[in-house]
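What follows is target18.txt (compact mmCIF, N, CA, C and O atoms).
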# COMPACT_ATOMS: atom_id res chain seq x y z
N MET A 1 210.23 88.35 215.33
CA MET A 1 210.07 87.17 216.15
C MET A 1 209.72 87.60 217.57
O MET A 1 210.44 88.37 218.19
N GLU A 2 208.63 87.12 218.08
CA GLU A 2 208.18 87.48 219.42
C GLU A 2 209.14 86.93 220.47
O GLU A 2 209.62 85.81 220.38
N GLY A 3 209.43 87.76 221.47
CA GLY A 3 210.30 87.33 222.55
C GLY A 3 211.78 87.47 222.25
O GLY A 3 212.61 87.08 223.05
N THR A 4 212.12 88.05 221.09
CA THR A 4 213.51 88.23 220.73
C THR A 4 214.12 89.36 221.56
O THR A 4 213.54 90.44 221.64
N PRO A 5 215.27 89.14 222.20
CA PRO A 5 215.90 90.20 222.98
C PRO A 5 216.29 91.37 222.08
O PRO A 5 216.75 91.17 220.96
N THR A 6 216.07 92.59 222.56
CA THR A 6 216.46 93.78 221.81
C THR A 6 217.15 94.75 222.75
O THR A 6 217.03 94.66 223.97
N MET A 7 217.86 95.71 222.16
CA MET A 7 218.49 96.79 222.92
C MET A 7 218.85 97.90 221.95
O MET A 7 218.85 97.69 220.74
N ASN A 8 219.16 99.06 222.47
CA ASN A 8 219.59 100.17 221.65
C ASN A 8 221.07 100.02 221.36
O ASN A 8 221.86 99.71 222.26
N GLY A 9 221.45 100.26 220.12
CA GLY A 9 222.85 100.14 219.72
C GLY A 9 223.80 101.01 220.51
O GLY A 9 224.96 100.65 220.74
N LYS A 10 223.34 102.16 220.97
CA LYS A 10 224.19 103.07 221.75
C LYS A 10 224.56 102.48 223.11
O LYS A 10 225.51 102.92 223.74
N ASP A 11 223.83 101.46 223.57
CA ASP A 11 224.10 100.84 224.86
C ASP A 11 225.11 99.69 224.77
O ASP A 11 225.48 99.11 225.80
N ILE A 12 225.55 99.37 223.59
CA ILE A 12 226.48 98.24 223.41
C ILE A 12 227.90 98.67 223.77
O ILE A 12 228.41 99.66 223.26
N ARG A 13 228.51 97.91 224.65
CA ARG A 13 229.90 98.13 225.03
C ARG A 13 230.78 96.92 224.71
O ARG A 13 231.99 97.05 224.62
N LYS A 14 230.16 95.73 224.57
CA LYS A 14 230.94 94.53 224.25
C LYS A 14 230.21 93.73 223.19
O LYS A 14 229.11 93.24 223.40
N LEU A 15 230.84 93.60 222.04
CA LEU A 15 230.33 92.84 220.91
C LEU A 15 231.19 91.59 220.76
O LEU A 15 232.42 91.69 220.80
N VAL A 16 230.55 90.44 220.62
CA VAL A 16 231.28 89.18 220.49
C VAL A 16 230.99 88.56 219.13
O VAL A 16 229.83 88.41 218.74
N ILE A 17 232.07 88.22 218.40
CA ILE A 17 231.95 87.45 217.17
C ILE A 17 232.10 85.99 217.57
O ILE A 17 233.15 85.59 218.07
N ALA A 18 231.06 85.20 217.38
CA ALA A 18 231.10 83.79 217.76
C ALA A 18 231.29 82.95 216.50
O ALA A 18 230.61 83.17 215.50
N CYS A 19 232.20 82.00 216.57
CA CYS A 19 232.45 81.14 215.41
C CYS A 19 232.65 79.70 215.88
O CYS A 19 232.68 79.42 217.07
N ASP A 20 232.83 78.83 214.93
CA ASP A 20 233.00 77.42 215.23
C ASP A 20 234.47 77.03 215.25
O ASP A 20 234.93 76.39 216.18
N ALA A 21 235.21 77.44 214.23
CA ALA A 21 236.60 77.02 214.11
C ALA A 21 237.59 78.00 214.73
O ALA A 21 238.63 77.61 215.22
N GLY A 22 237.29 79.29 214.67
CA GLY A 22 238.17 80.28 215.27
C GLY A 22 239.29 80.77 214.38
O GLY A 22 240.20 81.43 214.85
N MET A 23 239.21 80.48 213.12
CA MET A 23 240.26 80.92 212.21
C MET A 23 239.63 81.54 210.97
O MET A 23 238.50 81.26 210.62
N GLY A 24 240.37 82.38 210.30
CA GLY A 24 239.97 82.87 209.00
C GLY A 24 238.99 84.02 208.99
O GLY A 24 239.22 85.06 209.60
N SER A 25 237.86 83.82 208.31
CA SER A 25 236.94 84.90 208.00
C SER A 25 236.36 85.59 209.23
O SER A 25 236.21 86.81 209.24
N SER A 26 236.01 84.85 210.25
CA SER A 26 235.42 85.48 211.43
C SER A 26 236.45 86.34 212.16
O SER A 26 236.10 87.36 212.75
N VAL A 27 237.71 85.96 212.11
CA VAL A 27 238.77 86.78 212.70
C VAL A 27 238.91 88.08 211.91
O VAL A 27 239.07 89.16 212.49
N MET A 28 238.80 88.00 210.58
CA MET A 28 238.86 89.20 209.75
C MET A 28 237.67 90.11 210.05
O MET A 28 237.82 91.33 210.14
N LEU A 29 236.48 89.53 210.24
CA LEU A 29 235.30 90.32 210.58
C LEU A 29 235.50 91.02 211.92
O LEU A 29 235.16 92.19 212.07
N ALA A 30 236.06 90.32 212.90
CA ALA A 30 236.31 90.94 214.20
C ALA A 30 237.24 92.14 214.05
O ALA A 30 236.99 93.20 214.63
N GLY A 31 238.27 92.01 213.25
CA GLY A 31 239.19 93.12 213.01
C GLY A 31 238.51 94.29 212.32
O GLY A 31 238.72 95.46 212.67
N GLN A 32 237.66 93.99 211.35
CA GLN A 32 236.91 95.02 210.64
C GLN A 32 235.99 95.77 211.61
O GLN A 32 235.91 96.99 211.57
N LEU A 33 235.31 95.04 212.48
CA LEU A 33 234.41 95.68 213.44
C LEU A 33 235.17 96.48 214.49
O LEU A 33 234.71 97.54 214.92
N ARG A 34 236.32 96.00 214.91
CA ARG A 34 237.15 96.77 215.86
C ARG A 34 237.48 98.14 215.27
O ARG A 34 237.38 99.17 215.94
N LYS A 35 237.89 98.12 214.01
CA LYS A 35 238.25 99.36 213.33
C LYS A 35 237.03 100.26 213.17
O LYS A 35 237.09 101.46 213.45
N ALA A 36 235.90 99.70 212.75
CA ALA A 36 234.70 100.49 212.50
C ALA A 36 234.13 101.10 213.78
O ALA A 36 233.53 102.17 213.74
N LEU A 37 234.31 100.41 214.91
CA LEU A 37 233.69 100.85 216.16
C LEU A 37 234.68 101.44 217.16
O LEU A 37 234.34 101.68 218.31
N LYS A 38 235.90 101.69 216.70
CA LYS A 38 236.97 102.19 217.57
C LYS A 38 236.56 103.46 218.31
O LYS A 38 236.80 103.60 219.50
N LYS A 39 235.89 104.38 217.64
CA LYS A 39 235.50 105.65 218.26
C LYS A 39 234.25 105.55 219.11
O LYS A 39 233.85 106.51 219.75
N ASN A 40 233.61 104.38 219.13
CA ASN A 40 232.36 104.22 219.85
C ASN A 40 232.54 103.53 221.19
O ASN A 40 231.55 103.16 221.82
N ASP A 41 233.78 103.32 221.63
CA ASP A 41 234.06 102.70 222.92
C ASP A 41 233.41 101.32 223.05
O ASP A 41 232.80 101.00 224.07
N VAL A 42 233.51 100.52 221.96
CA VAL A 42 232.95 99.17 221.95
C VAL A 42 234.11 98.18 221.87
O VAL A 42 234.96 98.28 220.98
N THR A 43 234.14 97.24 222.79
CA THR A 43 235.12 96.16 222.75
C THR A 43 234.58 95.08 221.82
O THR A 43 233.43 94.68 221.93
N VAL A 44 235.43 94.60 220.92
CA VAL A 44 235.05 93.51 220.01
C VAL A 44 235.93 92.32 220.34
O VAL A 44 237.16 92.42 220.31
N GLU A 45 235.29 91.20 220.66
CA GLU A 45 236.02 89.97 220.98
C GLU A 45 235.60 88.85 220.03
O GLU A 45 234.49 88.85 219.52
N HIS A 46 236.49 87.91 219.85
CA HIS A 46 236.26 86.73 219.02
C HIS A 46 236.26 85.53 219.95
O HIS A 46 237.17 85.37 220.76
N THR A 47 235.22 84.70 219.87
CA THR A 47 235.11 83.58 220.81
C THR A 47 234.43 82.37 220.14
O THR A 47 233.68 82.55 219.19
N PRO A 48 234.69 81.16 220.62
CA PRO A 48 233.96 79.99 220.12
C PRO A 48 232.46 80.12 220.44
O PRO A 48 232.09 80.66 221.49
N VAL A 49 231.63 79.63 219.55
CA VAL A 49 230.18 79.76 219.71
C VAL A 49 229.68 79.08 220.98
O VAL A 49 228.66 79.50 221.54
N ASP A 50 230.37 78.09 221.46
CA ASP A 50 229.95 77.38 222.67
C ASP A 50 230.51 78.01 223.95
O ASP A 50 230.28 77.49 225.04
N LYS A 51 231.23 79.13 223.83
CA LYS A 51 231.81 79.79 225.00
C LYS A 51 231.56 81.30 224.97
O LYS A 51 232.45 82.10 225.25
N ILE A 52 230.34 81.69 224.68
CA ILE A 52 229.99 83.10 224.64
C ILE A 52 230.04 83.66 226.06
O ILE A 52 229.39 83.12 226.97
N PRO A 53 230.79 84.74 226.29
CA PRO A 53 230.88 85.28 227.64
C PRO A 53 229.56 85.89 228.11
O PRO A 53 228.82 86.47 227.31
N ALA A 54 229.30 85.78 229.37
CA ALA A 54 228.04 86.27 229.95
C ALA A 54 227.91 87.78 229.88
O ALA A 54 226.81 88.31 229.90
N ASP A 55 229.04 88.50 229.76
CA ASP A 55 228.97 89.96 229.73
C ASP A 55 228.87 90.54 228.33
O ASP A 55 228.96 91.75 228.14
N ALA A 56 228.64 89.69 227.32
CA ALA A 56 228.45 90.19 225.95
C ALA A 56 227.15 90.96 225.86
O ALA A 56 226.13 90.56 226.42
N ASP A 57 227.18 92.10 225.17
CA ASP A 57 225.96 92.89 224.93
C ASP A 57 225.25 92.46 223.67
O ASP A 57 224.03 92.56 223.56
N VAL A 58 226.00 91.98 222.69
CA VAL A 58 225.44 91.49 221.43
C VAL A 58 226.40 90.45 220.87
O VAL A 58 227.61 90.54 221.05
N VAL A 59 225.84 89.44 220.22
CA VAL A 59 226.62 88.37 219.61
C VAL A 59 226.38 88.40 218.11
O VAL A 59 225.25 88.53 217.65
N VAL A 60 227.45 88.30 217.34
CA VAL A 60 227.39 88.28 215.89
C VAL A 60 227.93 86.94 215.44
O VAL A 60 229.00 86.52 215.89
N CYS A 61 227.18 86.23 214.57
CA CYS A 61 227.65 84.93 214.09
C CYS A 61 227.04 84.62 212.73
O CYS A 61 226.05 85.23 212.31
N HIS A 62 227.61 83.65 212.05
CA HIS A 62 227.08 83.18 210.78
C HIS A 62 225.72 82.52 211.01
O HIS A 62 225.49 81.92 212.07
N THR A 63 224.83 82.61 210.04
CA THR A 63 223.49 82.04 210.18
C THR A 63 223.53 80.55 210.51
O THR A 63 222.65 80.05 211.22
N GLY A 64 224.54 79.84 210.04
CA GLY A 64 224.66 78.41 210.33
C GLY A 64 224.92 78.11 211.80
O GLY A 64 224.72 76.98 212.25
N LEU A 65 225.35 79.11 212.55
CA LEU A 65 225.65 78.94 213.98
C LEU A 65 224.65 79.66 214.87
O LEU A 65 224.76 79.62 216.10
N ALA A 66 223.68 80.34 214.28
CA ALA A 66 222.77 81.20 215.05
C ALA A 66 222.00 80.45 216.13
O ALA A 66 221.87 80.95 217.26
N ALA A 67 221.50 79.28 215.85
CA ALA A 67 220.73 78.53 216.85
C ALA A 67 221.62 78.18 218.04
O ALA A 67 221.20 78.33 219.20
N ARG A 68 222.85 77.73 217.80
CA ARG A 68 223.77 77.42 218.89
C ARG A 68 224.12 78.68 219.68
O ARG A 68 224.20 78.67 220.91
N ALA A 69 224.34 79.78 218.96
CA ALA A 69 224.68 81.03 219.62
C ALA A 69 223.54 81.50 220.51
O ALA A 69 223.76 81.94 221.64
N ARG A 70 222.31 81.40 220.02
CA ARG A 70 221.15 81.84 220.82
C ARG A 70 221.01 81.00 222.09
O ARG A 70 220.66 81.52 223.14
N ARG A 71 221.29 79.71 221.98
CA ARG A 71 221.23 78.85 223.18
C ARG A 71 222.28 79.27 224.20
O ARG A 71 222.02 79.27 225.40
N GLY A 72 223.46 79.62 223.74
CA GLY A 72 224.55 79.98 224.64
C GLY A 72 224.55 81.43 225.08
O GLY A 72 225.23 81.79 226.03
N ALA A 73 223.76 82.27 224.40
CA ALA A 73 223.80 83.70 224.69
C ALA A 73 222.76 84.13 225.71
O ALA A 73 222.77 85.28 226.14
N GLY A 74 221.87 83.24 226.10
CA GLY A 74 220.84 83.60 227.07
C GLY A 74 219.95 84.69 226.52
O GLY A 74 219.40 84.57 225.45
N GLY A 75 219.85 85.80 227.21
CA GLY A 75 219.00 86.91 226.78
C GLY A 75 219.71 87.94 225.94
O GLY A 75 219.18 89.02 225.71
N THR A 76 220.90 87.64 225.46
CA THR A 76 221.67 88.58 224.65
C THR A 76 221.22 88.52 223.20
O THR A 76 221.08 87.43 222.64
N PRO A 77 221.01 89.68 222.56
CA PRO A 77 220.64 89.67 221.13
C PRO A 77 221.73 89.00 220.28
O PRO A 77 222.92 89.20 220.53
N VAL A 78 221.30 88.23 219.30
CA VAL A 78 222.20 87.58 218.36
C VAL A 78 221.89 88.11 216.96
O VAL A 78 220.75 88.06 216.52
N VAL A 79 222.91 88.64 216.30
CA VAL A 79 222.79 89.13 214.93
C VAL A 79 223.46 88.11 214.02
O VAL A 79 224.66 87.87 214.14
N ALA A 80 222.68 87.50 213.15
CA ALA A 80 223.20 86.49 212.23
C ALA A 80 223.45 87.11 210.86
O ALA A 80 222.70 87.97 210.42
N PHE A 81 224.51 86.66 210.21
CA PHE A 81 224.84 87.16 208.87
C PHE A 81 225.09 85.99 207.94
O PHE A 81 225.33 84.87 208.38
N ASP A 82 225.04 86.27 206.63
CA ASP A 82 225.26 85.23 205.62
C ASP A 82 226.67 85.25 205.04
O ASP A 82 227.23 84.20 204.75
N VAL A 83 227.23 86.44 204.83
CA VAL A 83 228.58 86.56 204.27
C VAL A 83 229.45 87.30 205.27
O VAL A 83 229.00 88.22 205.95
N TYR A 84 230.70 86.90 205.37
CA TYR A 84 231.57 87.41 206.41
C TYR A 84 231.95 88.87 206.25
O TYR A 84 232.12 89.57 207.23
N LEU A 85 232.11 89.34 205.05
CA LEU A 85 232.50 90.73 204.85
C LEU A 85 231.48 91.41 203.96
O LEU A 85 231.15 90.90 202.89
N GLY A 86 230.95 92.53 204.42
CA GLY A 86 229.99 93.29 203.63
C GLY A 86 228.55 92.83 203.75
O GLY A 86 227.72 93.19 202.92
N ASP A 87 228.21 92.08 204.78
CA ASP A 87 226.83 91.61 204.95
C ASP A 87 225.95 92.76 205.44
O ASP A 87 226.34 93.49 206.36
N PRO A 88 224.75 92.91 204.88
CA PRO A 88 223.84 93.99 205.30
C PRO A 88 223.47 93.92 206.79
O PRO A 88 223.27 94.96 207.42
N ALA A 89 223.36 92.74 207.36
CA ALA A 89 223.01 92.62 208.79
C ALA A 89 224.11 93.23 209.66
O ALA A 89 223.82 93.90 210.65
N VAL A 90 225.35 93.01 209.30
CA VAL A 90 226.48 93.58 210.05
C VAL A 90 226.52 95.09 209.84
O VAL A 90 226.75 95.85 210.78
N ASP A 91 226.27 95.53 208.61
CA ASP A 91 226.24 96.97 208.33
C ASP A 91 225.16 97.67 209.15
O ASP A 91 225.38 98.75 209.70
N ARG A 92 223.98 97.04 209.27
CA ARG A 92 222.88 97.62 210.08
C ARG A 92 223.28 97.68 211.55
O ARG A 92 222.97 98.65 212.25
N LEU A 93 223.97 96.65 212.03
CA LEU A 93 224.42 96.63 213.42
C LEU A 93 225.40 97.78 213.68
O LEU A 93 225.26 98.51 214.67
N VAL A 94 226.38 97.96 212.82
CA VAL A 94 227.35 99.04 212.98
C VAL A 94 226.65 100.39 212.97
O VAL A 94 226.92 101.25 213.81
N LYS A 95 225.71 100.58 212.06
CA LYS A 95 224.96 101.83 211.99
C LYS A 95 224.16 102.05 213.28
O LYS A 95 224.13 103.17 213.82
N ALA A 96 223.53 101.01 213.81
CA ALA A 96 222.75 101.13 215.05
C ALA A 96 223.64 101.50 216.23
O ALA A 96 223.23 102.28 217.10
N ILE A 97 224.84 100.96 216.26
CA ILE A 97 225.77 101.28 217.35
C ILE A 97 226.23 102.73 217.23
O ILE A 97 226.27 103.47 218.21
N LYS A 98 226.55 103.16 216.02
CA LYS A 98 227.05 104.52 215.82
C LYS A 98 225.95 105.58 215.98
O LYS A 98 226.18 106.63 216.57
N ASP A 99 224.76 105.30 215.45
CA ASP A 99 223.69 106.30 215.40
C ASP A 99 222.57 106.08 216.40
O ASP A 99 221.68 106.91 216.53
N GLY A 100 222.58 104.95 217.06
CA GLY A 100 221.45 104.58 217.92
C GLY A 100 220.42 103.87 217.07
O GLY A 100 220.30 104.13 215.88
N GLY A 101 219.74 102.96 217.62
CA GLY A 101 218.74 102.18 216.89
C GLY A 101 218.60 100.83 217.55
O GLY A 101 219.51 100.37 218.23
N GLU A 102 217.48 100.20 217.32
CA GLU A 102 217.18 98.93 217.97
C GLU A 102 217.95 97.79 217.33
O GLU A 102 218.06 97.70 216.12
N ILE A 103 218.49 96.94 218.19
CA ILE A 103 219.19 95.73 217.77
C ILE A 103 218.45 94.55 218.37
O ILE A 103 218.10 94.56 219.53
N GLY A 104 218.25 93.55 217.57
CA GLY A 104 217.62 92.33 218.04
C GLY A 104 217.14 91.53 216.84
O GLY A 104 216.30 91.98 216.09
N VAL A 105 217.75 90.41 216.64
CA VAL A 105 217.41 89.59 215.47
C VAL A 105 217.20 88.17 215.93
O VAL A 105 217.85 87.72 216.81

Could the structure of this file be written out as structure tokens, please?
Amino acid sequence: MEGTPTMNGKDIRKLVIACDAGMGSSVMLAGQLRKALKKNDVTVEHTPVDKIPADADVVVCHTGLAARARRGAGGTPVVAFDVYLGDPAVDRLVKAIKDGGEIGV
């Protein structure tokens, strides 16, 4: 997609999981990402999709919330996923953060 914000995964210091309700699966995903990225000095936060912090480096959300997240994220890359645990988009993001690689969806 032309004009999509991108960045190198090695530059990410704050990852935000944006959700609508704030309970359940997205909280589990945030915990999973905290554990996976613990050695990479990345802060993982969980926030409502309508309150994405301005200092987020990347936003992760369900595809059903991606349009709202992109509106609230400004120029921050948004990574959308279909399933909360084990989604290939999230796996690619974790790999890009650990190994370096372009992020922007």

Write out as a VMD selection string which residues come within 12 Å of Arg70 of chain A when counting only C-alpha atoms, dropping same-chain ones fewer than 5 positions away. chain A and resid 4 to 5 18 49 to 52 58 to 65 75 to 80 104 to 105

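In this model, the gap between atom CA of Ile103 of chain A and atom O of Gly24 of chain A comes to 24.1 Å.
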
Non-local contacts of segment 83-85 of chain A (7 Å; only N, CA, C and O atoms; under 6 positions in same chain excluded) as a list in words: Ser25, Ser26, Met28, Leu29, Ala30, His62 and Thr63 of chain A

When DSSP is applied to the backbone of this structure, which of chain A are assigned strand (DSSP E or B)? Write them out as an mmCIF file with N, CA, C and O atoms, in the coordinates of the input.
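Once written, out.cif looks like this:
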data_model
loop_
_atom_site.group_PDB
_atom_site.id
_atom_site.type_symbol
_atom_site.label_atom_id
_atom_site.label_comp_id
_atom_site.auth_asym_id
_atom_site.auth_seq_id
_atom_site.Cartn_x
_atom_site.Cartn_y
_atom_site.Cartn_z
ATOM 1 N N MET A 7 217.860 95.710 222.160
ATOM 2 C CA MET A 7 218.490 96.790 222.920
ATOM 3 C C MET A 7 218.850 97.900 221.950
ATOM 4 O O MET A 7 218.850 97.690 220.740
ATOM 5 N N ASN A 8 219.160 99.060 222.470
ATOM 6 C CA ASN A 8 219.590 100.170 221.650
ATOM 7 C C ASN A 8 221.070 100.020 221.360
ATOM 8 O O ASN A 8 221.860 99.710 222.260
ATOM 9 N N LYS A 14 230.160 95.730 224.570
ATOM 10 C CA LYS A 14 230.940 94.530 224.250
ATOM 11 C C LYS A 14 230.210 93.730 223.190
ATOM 12 O O LYS A 14 229.110 93.240 223.400
ATOM 13 N N LEU A 15 230.840 93.600 222.040
ATOM 14 C CA LEU A 15 230.330 92.840 220.910
ATOM 15 C C LEU A 15 231.190 91.590 220.760
ATOM 16 O O LEU A 15 232.420 91.690 220.800
ATOM 17 N N VAL A 16 230.550 90.440 220.620
ATOM 18 C CA VAL A 16 231.280 89.180 220.490
ATOM 19 C C VAL A 16 230.990 88.560 219.130
ATOM 20 O O VAL A 16 229.830 88.410 218.740
ATOM 21 N N ILE A 17 232.070 88.220 218.400
ATOM 22 C CA ILE A 17 231.950 87.450 217.170
ATOM 23 C C ILE A 17 232.100 85.990 217.570
ATOM 24 O O ILE A 17 233.150 85.590 218.070
ATOM 25 N N ALA A 18 231.060 85.200 217.380
ATOM 26 C CA ALA A 18 231.100 83.790 217.760
ATOM 27 C C ALA A 18 231.290 82.950 216.500
ATOM 28 O O ALA A 18 230.610 83.170 215.500
ATOM 29 N N CYS A 19 232.200 82.000 216.570
ATOM 30 C CA CYS A 19 232.450 81.140 215.410
ATOM 31 C C CYS A 19 232.650 79.700 215.880
ATOM 32 O O CYS A 19 232.680 79.420 217.070
ATOM 33 N N THR A 43 234.140 97.240 222.790
ATOM 34 C CA THR A 43 235.120 96.160 222.750
ATOM 35 C C THR A 43 234.580 95.080 221.820
ATOM 36 O O THR A 43 233.430 94.680 221.930
ATOM 37 N N VAL A 44 235.430 94.600 220.920
ATOM 38 C CA VAL A 44 235.050 93.510 220.010
ATOM 39 C C VAL A 44 235.930 92.320 220.340
ATOM 40 O O VAL A 44 237.160 92.420 220.310
ATOM 41 N N GLU A 45 235.290 91.200 220.660
ATOM 42 C CA GLU A 45 236.020 89.970 220.980
ATOM 43 C C GLU A 45 235.600 88.850 220.030
ATOM 44 O O GLU A 45 234.490 88.850 219.520
ATOM 45 N N HIS A 46 236.490 87.910 219.850
ATOM 46 C CA HIS A 46 236.260 86.730 219.020
ATOM 47 C C HIS A 46 236.260 85.530 219.950
ATOM 48 O O HIS A 46 237.170 85.370 220.760
ATOM 49 N N THR A 47 235.220 84.700 219.870
ATOM 50 C CA THR A 47 235.110 83.580 220.810
ATOM 51 C C THR A 47 234.430 82.370 220.140
ATOM 52 O O THR A 47 233.680 82.550 219.190
ATOM 53 N N PRO A 48 234.690 81.160 220.620
ATOM 54 C CA PRO A 48 233.960 79.990 220.120
ATOM 55 C C PRO A 48 232.460 80.120 220.440
ATOM 56 O O PRO A 48 232.090 80.660 221.490
ATOM 57 N N VAL A 58 226.000 91.980 222.690
ATOM 58 C CA VAL A 58 225.440 91.490 221.430
ATOM 59 C C VAL A 58 226.400 90.450 220.870
ATOM 60 O O VAL A 58 227.610 90.540 221.050
ATOM 61 N N VAL A 59 225.840 89.440 220.220
ATOM 62 C CA VAL A 59 226.620 88.370 219.610
ATOM 63 C C VAL A 59 226.380 88.400 218.110
ATOM 64 O O VAL A 59 225.250 88.530 217.650
ATOM 65 N N VAL A 60 227.450 88.300 217.340
ATOM 66 C CA VAL A 60 227.390 88.280 215.890
ATOM 67 C C VAL A 60 227.930 86.940 215.440
ATOM 68 O O VAL A 60 229.000 86.520 215.890
ATOM 69 N N CYS A 61 227.180 86.230 214.570
ATOM 70 C CA CYS A 61 227.650 84.930 214.090
ATOM 71 C C CYS A 61 227.040 84.620 212.730
ATOM 72 O O CYS A 61 226.050 85.230 212.310
ATOM 73 N N HIS A 62 227.610 83.650 212.050
ATOM 74 C CA HIS A 62 227.080 83.180 210.780
ATOM 75 C C HIS A 62 225.720 82.520 211.010
ATOM 76 O O HIS A 62 225.490 81.920 212.070
ATOM 77 N N VAL A 78 221.300 88.230 219.300
ATOM 78 C CA VAL A 78 222.200 87.580 218.360
ATOM 79 C C VAL A 78 221.890 88.110 216.960
ATOM 80 O O VAL A 78 220.750 88.060 216.520
ATOM 81 N N VAL A 79 222.910 88.640 216.300
ATOM 82 C CA VAL A 79 222.790 89.130 214.930
ATOM 83 C C VAL A 79 223.460 88.110 214.020
ATOM 84 O O VAL A 79 224.660 87.870 214.140
ATOM 85 N N ALA A 80 222.680 87.500 213.150
ATOM 86 C CA ALA A 80 223.200 86.490 212.230
ATOM 87 C C ALA A 80 223.450 87.110 210.860
ATOM 88 O O ALA A 80 222.700 87.970 210.420
ATOM 89 N N PHE A 81 224.510 86.660 210.210
ATOM 90 C CA PHE A 81 224.840 87.160 208.870
ATOM 91 C C PHE A 81 225.090 85.990 207.940
ATOM 92 O O PHE A 81 225.330 84.870 208.380
ATOM 93 N N GLU A 102 217.480 100.200 217.320
ATOM 94 C CA GLU A 102 217.180 98.930 217.970
ATOM 95 C C GLU A 102 217.950 97.790 217.330
ATOM 96 O O GLU A 102 218.060 97.700 216.120
ATOM 97 N N ILE A 103 218.490 96.940 218.190
ATOM 98 C CA ILE A 103 219.190 95.730 217.770
ATOM 99 C C ILE A 103 218.450 94.550 218.370
ATOM 100 O O ILE A 103 218.100 94.560 219.530
#

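Taking atom CA of Asn8 of chain A and atom CA of Ala73 of chain A as endpoints, the distance between them is 17.3 Å.
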
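Relative to atom N of Met7 of chain A, atom O of Val42 of chain A is found at 17.3 Å.
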
Write out as a PyMOL selection string the set of residues from chain A that DSSP, computed on the backbone, places in alpha helix (DSSP H). chain A and resi 25-36+66-73+88-99

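Shortest separation to Ile97 of chain A among A:Thr47, A:Thr6, A:Gln32, A:Asn40 occurs at residue A:Asn40, atoms counted being all atoms listed in the file.
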
Which neighbours of Lys14 of chain A fall inside 10 Å, counting only C-alpha atoms, when residues of the same chain fewer than 3 positions from it are skipped, and could you give them as an mmCIF file with N, CA, C and O atoms, keeping the file's coordinate frame?
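Listed below is the output, part31.cif:
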data_model
loop_
_atom_site.group_PDB
_atom_site.id
_atom_site.type_symbol
_atom_site.label_atom_id
_atom_site.label_comp_id
_atom_site.auth_asym_id
_atom_site.auth_seq_id
_atom_site.Cartn_x
_atom_site.Cartn_y
_atom_site.Cartn_z
ATOM 1 N N ASP A 11 223.830 101.460 223.570
ATOM 2 C CA ASP A 11 224.100 100.840 224.860
ATOM 3 C C ASP A 11 225.110 99.690 224.770
ATOM 4 O O ASP A 11 225.480 99.110 225.800
ATOM 5 N N ASP A 41 233.780 103.320 221.630
ATOM 6 C CA ASP A 41 234.060 102.700 222.920
ATOM 7 C C ASP A 41 233.410 101.320 223.050
ATOM 8 O O ASP A 41 232.800 101.000 224.070
ATOM 9 N N VAL A 42 233.510 100.520 221.960
ATOM 10 C CA VAL A 42 232.950 99.170 221.950
ATOM 11 C C VAL A 42 234.110 98.180 221.870
ATOM 12 O O VAL A 42 234.960 98.280 220.980
ATOM 13 N N THR A 43 234.140 97.240 222.790
ATOM 14 C CA THR A 43 235.120 96.160 222.750
ATOM 15 C C THR A 43 234.580 95.080 221.820
ATOM 16 O O THR A 43 233.430 94.680 221.930
ATOM 17 N N VAL A 44 235.430 94.600 220.920
ATOM 18 C CA VAL A 44 235.050 93.510 220.010
ATOM 19 C C VAL A 44 235.930 92.320 220.340
ATOM 20 O O VAL A 44 237.160 92.420 220.310
ATOM 21 N N GLU A 45 235.290 91.200 220.660
ATOM 22 C CA GLU A 45 236.020 89.970 220.980
ATOM 23 C C GLU A 45 235.600 88.850 220.030
ATOM 24 O O GLU A 45 234.490 88.850 219.520
ATOM 25 N N PRO A 53 230.790 84.740 226.290
ATOM 26 C CA PRO A 53 230.880 85.280 227.640
ATOM 27 C C PRO A 53 229.560 85.890 228.110
ATOM 28 O O PRO A 53 228.820 86.470 227.310
ATOM 29 N N ASP A 55 229.040 88.500 229.760
ATOM 30 C CA ASP A 55 228.970 89.960 229.730
ATOM 31 C C ASP A 55 228.870 90.540 228.330
ATOM 32 O O ASP A 55 228.960 91.750 228.140
ATOM 33 N N ALA A 56 228.640 89.690 227.320
ATOM 34 C CA ALA A 56 228.450 90.190 225.950
ATOM 35 C C ALA A 56 227.150 90.960 225.860
ATOM 36 O O ALA A 56 226.130 90.560 226.420
ATOM 37 N N ASP A 57 227.180 92.100 225.170
ATOM 38 C CA ASP A 57 225.960 92.890 224.930
ATOM 39 C C ASP A 57 225.250 92.460 223.670
ATOM 40 O O ASP A 57 224.030 92.560 223.560
ATOM 41 N N VAL A 58 226.000 91.980 222.690
ATOM 42 C CA VAL A 58 225.440 91.490 221.430
ATOM 43 C C VAL A 58 226.400 90.450 220.870
ATOM 44 O O VAL A 58 227.610 90.540 221.050
ATOM 45 N N VAL A 59 225.840 89.440 220.220
ATOM 46 C CA VAL A 59 226.620 88.370 219.610
ATOM 47 C C VAL A 59 226.380 88.400 218.110
ATOM 48 O O VAL A 59 225.250 88.530 217.650
#

Might you pull out every residue within 7 Å of Lys98 of chain A, with all atoms listed in the file counted and same-chain residues fewer than 4 positions away left off, and present them as number ranges by chain? A: 9-10, 40, 92-94

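Nearest-residue note for Arg68 of chain A: choosing from A:Gly86, A:Pro48, A:Val16, A:Gly100, the minimum distance belongs to A:Pro48, counting only C-alpha atoms.
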